[in-house]
Amino acid sequence: MSDKKKRRRADSDSDSESQPFKHLLKSDDHILRILKSVASSSSSTSKSLTLADLSLSSTCREVSDLSLSSVQSAIETLVLQLTHQILSGQGFSFTVPSRSASNQLYVPELDRIVLKDKSTVRPFSHISSVRKTTITAKILSLIHQLCLKNIHVTKRDLFYTDVKLFQDQIQSDAVLDDVSCMLGCTRSSLNVIAAEKGVVVGRLIFSDNGDMIDCTKMGMGGKAIPPNIDRVGDMQSDALFILLVEKDAAYMRLAEDRFYNRFPCIIVTAKGQPDVATRLFLRKMKTELKLPVLALVDSDPYGLKILSVYGCGSKNMSYDSANLTTPDIKWLGIRPSDLDKYKIPEQCRLPMTEQDIKTGKDLLEEDFVKKNPGWVEELNLMVKTKQKAEIQALSSFGFQYLSDVYLPLKLQQQDWL
């Protein structure tokens, strides 16, 4: 009997050593009480501000969702204006809202990037812009066809309608955003979608084009986020928070461990860079379910950039930031201070490259970072130590350390920024 007790004590000591800080964890019931309190305070937050509520010194441009008939009408009106230009001898040119960095504005009250009202002229007669003007006319023609046929196509489909003209999908994608700005509509209003990328799993039920989807019954892979947000409705959930995960590997770990059953939550990932569909879906969950959003990203400058795209928007699509951003996302981890706090081994840390350091320093100059003192402190630590780490570095303590210890302890301590 004495030997059995010794063995149990030895096993317990061994477990504590292999999974550091596990002894600090309280009962799941205790953590759930904390999460219920956080979720309750999140659901009672006041209505968020809009651009129209503010008196800004700069005039800003925002787009809105338009019906297909409205998009069709806007294109036809634009073509008539171009025809009058040509007949009056003024030539053929498009006036395109500028999406350059100098025409972007971070609005602290909204905590997102918006587009100012500067525009540029894109003349057909000038050698430097003739090709881009031709691409713009082609995209407008294709969008008009989609309106008439009432169908959706992918950005890749659009590119393959004239590969010789577009040359690279980056160019057709960029002009597609220009066209959205010109017409004053969201990109999804154009019926052009990206291929499915993001996935969701956990305590969420929603309708997808009339079919009810239960995300607790979608297996490890989860449910692909619909590329067309208009298909999504009737969201229901008993979750206490939304866990936004940068990497597919971490998402798979949490999905297989059924983390969402131990701590009721919805887990979502775009598998890296945020795509439009995942950003729209996350915002819809946040606004309809009124749940706090906690982000789990790599401890490097790019992890924070990804987090900022979800929260504050991208400069590339600042014209649609009102629809694409999710307010008040909390940075849960992995944070630079976690590397020492959780004693992540040196062999699991990576040295930052010169480009990493430059990206980190550039982020420190961004207004949306300066607004968050905690972010500034963490970024300064990262740049100073010149160390980064991926979420998978936690696997050095066991493959399930992320779901067994790290995340529960973070939730227990409400350790987010």
# chains A, B, ... in the order shown; residues from 1 in each chain; ligands from 1
call {"tool": "residues_around", "arguments": {"residues": "range 374-377 of chain A", "least_positions_apart": "6", "cutoff": "12 Å", "atoms": "only C-alpha atoms", "output": "PDB file with N, CA, C and O atoms, in the first residue's frame"}}
result
ATOM      1  N   SER A 299       3.679  34.483 -31.365  1.00  0.00           N
ATOM      2  CA  SER A 299       4.403  35.592 -30.740  1.00  0.00           C
ATOM      3  C   SER A 299       5.456  36.111 -31.717  1.00  0.00           C
ATOM      4  O   SER A 299       6.650  35.857 -31.575  1.00  0.00           O
ATOM      5  N   PRO A 301       5.779  39.579 -34.980  1.00  0.00           N
ATOM      6  CA  PRO A 301       5.092  40.774 -35.485  1.00  0.00           C
ATOM      7  C   PRO A 301       3.924  40.442 -36.413  1.00  0.00           C
ATOM      8  O   PRO A 301       2.934  41.173 -36.457  1.00  0.00           O
ATOM      9  N   LEU A 304       0.641  39.699 -34.557  1.00  0.00           N
ATOM     10  CA  LEU A 304      -0.040  40.917 -34.124  1.00  0.00           C
ATOM     11  C   LEU A 304      -0.661  41.649 -35.318  1.00  0.00           C
ATOM     12  O   LEU A 304      -1.731  42.253 -35.196  1.00  0.00           O
ATOM     13  N   LYS A 305      -0.009  41.577 -36.484  1.00  0.00           N
ATOM     14  CA  LYS A 305      -0.574  42.193 -37.687  1.00  0.00           C
ATOM     15  C   LYS A 305      -1.880  41.506 -38.067  1.00  0.00           C
ATOM     16  O   LYS A 305      -2.852  42.169 -38.436  1.00  0.00           O
ATOM     17  N   LEU A 307      -3.891  39.911 -36.029  1.00  0.00           N
ATOM     18  CA  LEU A 307      -4.861  40.320 -35.016  1.00  0.00           C
ATOM     19  C   LEU A 307      -5.410  41.718 -35.326  1.00  0.00           C
ATOM     20  O   LEU A 307      -6.617  41.971 -35.233  1.00  0.00           O
ATOM     21  N   SER A 308      -4.527  42.629 -35.745  1.00  0.00           N
ATOM     22  CA  SER A 308      -4.947  44.008 -36.034  1.00  0.00           C
ATOM     23  C   SER A 308      -5.847  44.087 -37.266  1.00  0.00           C
ATOM     24  O   SER A 308      -6.724  44.953 -37.336  1.00  0.00           O
ATOM     25  N   LYS A 330      -9.540  40.786 -27.793  1.00  0.00           N
ATOM     26  CA  LYS A 330      -8.513  40.739 -26.756  1.00  0.00           C
ATOM     27  C   LYS A 330      -7.358  39.826 -27.190  1.00  0.00           C
ATOM     28  O   LYS A 330      -7.588  38.745 -27.732  1.00  0.00           O
ATOM     29  N   TRP A 331      -6.143  40.268 -26.932  1.00  0.00           N
ATOM     30  CA  TRP A 331      -4.939  39.492 -27.264  1.00  0.00           C
ATOM     31  C   TRP A 331      -4.664  38.534 -26.106  1.00  0.00           C
ATOM     32  O   TRP A 331      -4.151  38.915 -25.067  1.00  0.00           O
ATOM     33  N   LEU A 332      -5.019  37.271 -26.289  1.00  0.00           N
ATOM     34  CA  LEU A 332      -4.864  36.257 -25.243  1.00  0.00           C
ATOM     35  C   LEU A 332      -3.433  35.717 -25.206  1.00  0.00           C
ATOM     36  O   LEU A 332      -2.837  35.534 -24.153  1.00  0.00           O
ATOM     37  N   GLY A 333      -2.875  35.410 -26.333  1.00  0.00           N
ATOM     38  CA  GLY A 333      -1.515  34.857 -26.436  1.00  0.00           C
ATOM     39  C   GLY A 333      -1.253  34.494 -27.883  1.00  0.00           C
ATOM     40  O   GLY A 333      -2.113  34.759 -28.729  1.00  0.00           O
ATOM     41  N   ARG A 335       1.977  35.734 -26.147  1.00  0.00           N
ATOM     42  CA  ARG A 335       2.574  37.063 -26.067  1.00  0.00           C
ATOM     43  C   ARG A 335       4.061  36.941 -25.734  1.00  0.00           C
ATOM     44  O   ARG A 335       4.484  35.955 -25.108  1.00  0.00           O
ATOM     45  N   PRO A 336       4.860  37.923 -26.128  1.00  0.00           N
ATOM     46  CA  PRO A 336       6.301  37.865 -25.847  1.00  0.00           C
ATOM     47  C   PRO A 336       6.623  37.621 -24.370  1.00  0.00           C
ATOM     48  O   PRO A 336       7.572  36.897 -24.051  1.00  0.00           O
ATOM     49  N   SER A 337       5.824  38.202 -23.469  1.00  0.00           N
ATOM     50  CA  SER A 337       6.075  38.001 -22.031  1.00  0.00           C
ATOM     51  C   SER A 337       5.785  36.568 -21.598  1.00  0.00           C
ATOM     52  O   SER A 337       6.286  36.110 -20.566  1.00  0.00           O
ATOM     53  N   GLY A 360       8.342  44.778 -36.604  1.00  0.00           N
ATOM     54  CA  GLY A 360       7.973  45.087 -35.224  1.00  0.00           C
ATOM     55  C   GLY A 360       8.091  46.563 -34.920  1.00  0.00           C
ATOM     56  O   GLY A 360       7.200  47.164 -34.304  1.00  0.00           O
ATOM     57  N   LYS A 361       9.179  47.183 -35.368  1.00  0.00           N
ATOM     58  CA  LYS A 361       9.380  48.622 -35.145  1.00  0.00           C
ATOM     59  C   LYS A 361       8.361  49.454 -35.916  1.00  0.00           C
ATOM     60  O   LYS A 361       7.887  50.484 -35.415  1.00  0.00           O
ATOM     61  N   ASP A 362       8.027  49.010 -37.123  1.00  0.00           N
ATOM     62  CA  ASP A 362       7.003  49.716 -37.912  1.00  0.00           C
ATOM     63  C   ASP A 362       5.640  49.657 -37.212  1.00  0.00           C
ATOM     64  O   ASP A 362       4.887  50.641 -37.214  1.00  0.00           O
ATOM     65  N   LEU A 363       5.332  48.497 -36.621  1.00  0.00           N
ATOM     66  CA  LEU A 363       4.066  48.362 -35.901  1.00  0.00           C
ATOM     67  C   LEU A 363       4.003  49.317 -34.709  1.00  0.00           C
ATOM     68  O   LEU A 363       2.929  49.852 -34.387  1.00  0.00           O
ATOM     69  N   LEU A 364       5.135  49.541 -34.062  1.00  0.00           N
ATOM     70  CA  LEU A 364       5.181  50.450 -32.914  1.00  0.00           C
ATOM     71  C   LEU A 364       4.852  51.890 -33.304  1.00  0.00           C
ATOM     72  O   LEU A 364       4.484  52.701 -32.451  1.00  0.00           O
ATOM     73  N   GLU A 365       4.965  52.194 -34.605  1.00  0.00           N
ATOM     74  CA  GLU A 365       4.656  53.540 -35.088  1.00  0.00           C
ATOM     75  C   GLU A 365       3.190  53.680 -35.498  1.00  0.00           C
ATOM     76  O   GLU A 365       2.736  54.783 -35.809  1.00  0.00           O
ATOM     77  N   GLU A 366       2.468  52.565 -35.532  1.00  0.00           N
ATOM     78  CA  GLU A 366       1.067  52.614 -35.942  1.00  0.00           C
ATOM     79  C   GLU A 366       0.182  53.135 -34.813  1.00  0.00           C
ATOM     80  O   GLU A 366       0.340  52.761 -33.656  1.00  0.00           O
ATOM     81  N   ASP A 367      -0.784  53.976 -35.176  1.00  0.00           N
ATOM     82  CA  ASP A 367      -1.662  54.589 -34.169  1.00  0.00           C
ATOM     83  C   ASP A 367      -2.508  53.550 -33.435  1.00  0.00           C
ATOM     84  O   ASP A 367      -2.769  53.693 -32.237  1.00  0.00           O
ATOM     85  N   PHE A 368      -2.930  52.492 -34.147  1.00  0.00           N
ATOM     86  CA  PHE A 368      -3.780  51.499 -33.487  1.00  0.00           C
ATOM     87  C   PHE A 368      -3.000  50.684 -32.458  1.00  0.00           C
ATOM     88  O   PHE A 368      -3.588  50.108 -31.541  1.00  0.00           O
ATOM     89  N   VAL A 383      10.969  43.184 -29.627  1.00  0.00           N
ATOM     90  CA  VAL A 383      12.061  43.807 -30.394  1.00  0.00           C
ATOM     91  C   VAL A 383      13.357  43.808 -29.590  1.00  0.00           C
ATOM     92  O   VAL A 383      14.451  43.608 -30.124  1.00  0.00           O
ATOM     93  N   LYS A 384      13.242  44.010 -28.271  1.00  0.00           N
ATOM     94  CA  LYS A 384      14.426  44.050 -27.405  1.00  0.00           C
ATOM     95  C   LYS A 384      15.089  42.673 -27.292  1.00  0.00           C
ATOM     96  O   LYS A 384      16.316  42.544 -27.406  1.00  0.00           O
ATOM     97  N   ASP A 415      -6.067  36.718 -18.331  1.00  0.00           N
ATOM     98  CA  ASP A 415      -4.790  37.267 -18.773  1.00  0.00           C
ATOM     99  C   ASP A 415      -4.837  37.585 -20.275  1.00  0.00           C
ATOM    100  O   ASP A 415      -4.335  36.831 -21.105  1.00  0.00           O
ATOM    101  N   TRP A 416      -5.503  38.679 -20.598  1.00  0.00           N
ATOM    102  CA  TRP A 416      -5.552  39.150 -21.976  1.00  0.00           C
ATOM    103  C   TRP A 416      -5.432  40.660 -22.022  1.00  0.00           C
ATOM    104  O   TRP A 416      -5.638  41.355 -21.030  1.00  0.00           O
ATOM    105  N   LEU A 417      -5.068  41.174 -23.190  1.00  0.00           N
ATOM    106  CA  LEU A 417      -4.885  42.626 -23.368  1.00  0.00           C
ATOM    107  C   LEU A 417      -5.947  43.168 -24.328  1.00  0.00           C
ATOM    108  O   LEU A 417      -6.179  42.564 -25.367  1.00  0.00           O
TER     109      LEU A 417
END
call {"tool": "closest_atom_pairs", "arguments": {"of": "range 224-275 of chain A", "to": "range 396-399 of chain A", "cutoff": "12 Å", "atoms": "only C-alpha atoms", "output": "tab-separated table"}}
result
residue	atom	partner	partner_atom	distance
A:Ala249	CA	A:Phe399	CA	11.1
A:Ala250	CA	A:Phe399	CA	10.2
A:Met252	CA	A:Phe399	CA	11.5
A:Arg253	CA	A:Phe399	CA	8.1
A:Leu254	CA	A:Phe399	CA	10.6
A:Glu256	CA	A:Phe399	CA	11.5
A:Asp257	CA	A:Phe399	CA	10.5
call {"tool": "atom_distance", "arguments": {"atom1": "CA of Ala295 in chain A", "atom2": "CA of Ile329 in chain A"}}
result
6.8 Å
call {"tool": "residues_around", "arguments": {"residues": "Thr278 in chain A", "least_positions_apart": "4", "cutoff": "9 Å", "atoms": "only C-alpha atoms", "output": "number ranges by chain"}}
result
A: 197-199, 225-227, 268-270, 274, 282-283
call {"tool": "atom_distance", "arguments": {"atom1": "CA of Leu146 in chain A", "atom2": "CA of Leu176 in chain A"}}
result
13.5 Å
call {"tool": "residues_around", "arguments": {"residues": "Gln145 in chain A", "least_positions_apart": "6", "cutoff": "12 Å", "atoms": "only C-alpha atoms", "output": "list of chain:residue names"}}
result
A:Leu68, A:Ser69, A:Val71, A:Gln72, A:Ile75, A:Glu76, A:Lys138, A:Ile139, A:Ile151, A:His152, A:Val153, A:Leu158, A:Leu190, A:Asn191, A:Val192
call {"tool": "residues_around", "arguments": {"residues": "Leu240 in chain A", "least_positions_apart": "4", "cutoff": "8 Å", "atoms": "only C-alpha atoms", "output": "list in words"}}
result
Leu35, Lys36, Ala39, Phe263, Pro264, Cys265, Leu291 and Pro292 of chain A
call {"tool": "write_last_selection", "arguments": {"atoms": "C-alpha atoms", "output": "mmCIF file, in the first residue's frame"}}
result
data_model
loop_
_atom_site.group_PDB
_atom_site.id
_atom_site.type_symbol
_atom_site.label_atom_id
_atom_site.label_comp_id
_atom_site.auth_asym_id
_atom_site.auth_seq_id
_atom_site.Cartn_x
_atom_site.Cartn_y
_atom_site.Cartn_z
ATOM 1 C CA LEU A 35 -16.103 33.248 -18.006
ATOM 2 C CA LYS A 36 -19.834 33.696 -17.360
ATOM 3 C CA ALA A 39 -19.562 37.100 -21.096
ATOM 4 C CA PHE A 263 -15.163 25.575 -21.802
ATOM 5 C CA PRO A 264 -18.188 26.456 -23.990
ATOM 6 C CA CYS A 265 -16.817 28.480 -26.885
ATOM 7 C CA LEU A 291 -19.663 37.426 -27.009
ATOM 8 C CA PRO A 292 -16.103 38.468 -26.097
#
call {"tool": "atom_distance", "arguments": {"atom1": "CA of Met182 in chain A", "atom2": "CA of Pro97 in chain A"}}
result
6.5 Å
call {"tool": "residues_around", "arguments": {"residues": "Ser207 in chain A", "least_positions_apart": "2", "cutoff": "12 Å", "atoms": "only C-alpha atoms", "output": "VMD selection string"}}
result
chain A and resid 204 to 205 209 to 215 223 225 to 226 229 to 236
call {"tool": "closest_residue", "arguments": {"among": "A:Val114, A:Asp168, A:Pro373, A:Lys247", "to": "Ser58 in chain A", "atoms": "only C-alpha atoms"}}
result
A:Val114
call {"tool": "residues_around", "arguments": {"residues": "range 170-173 of chain A", "least_positions_apart": "5", "cutoff": "12 Å", "atoms": "only C-alpha atoms", "output": "PyMOL selection string"}}
result
chain A and resi 131-140+142+154-165+178-180+187+192-194+316-317
call {"tool": "select_by_dssp", "arguments": {"residues": "range 232-405 of chain A", "states": "alpha helix (DSSP H)", "output": "VMD selection string"}}
result
chain A and resid 248 to 256 259 to 262 276 to 289 301 to 312 321 to 324 336 to 341 354 to 364 367 to 370 373 to 385 401
call {"tool": "closest_residue", "arguments": {"among": "A:Val130, A:Ser18, A:Asp275, A:Cys181", "to": "Gln400 in chain A", "atoms": "only C-alpha atoms"}}
result
A:Ser18
call {"tool": "select_by_dssp", "arguments": {"residues": "range 117-256 of chain A", "states": "strand (DSSP E)", "output": "ChimeraX atom specification"}}
result
/A:119-123,153-154,192-193,199-202,205-208,211-214,223-224,232-236,241-245
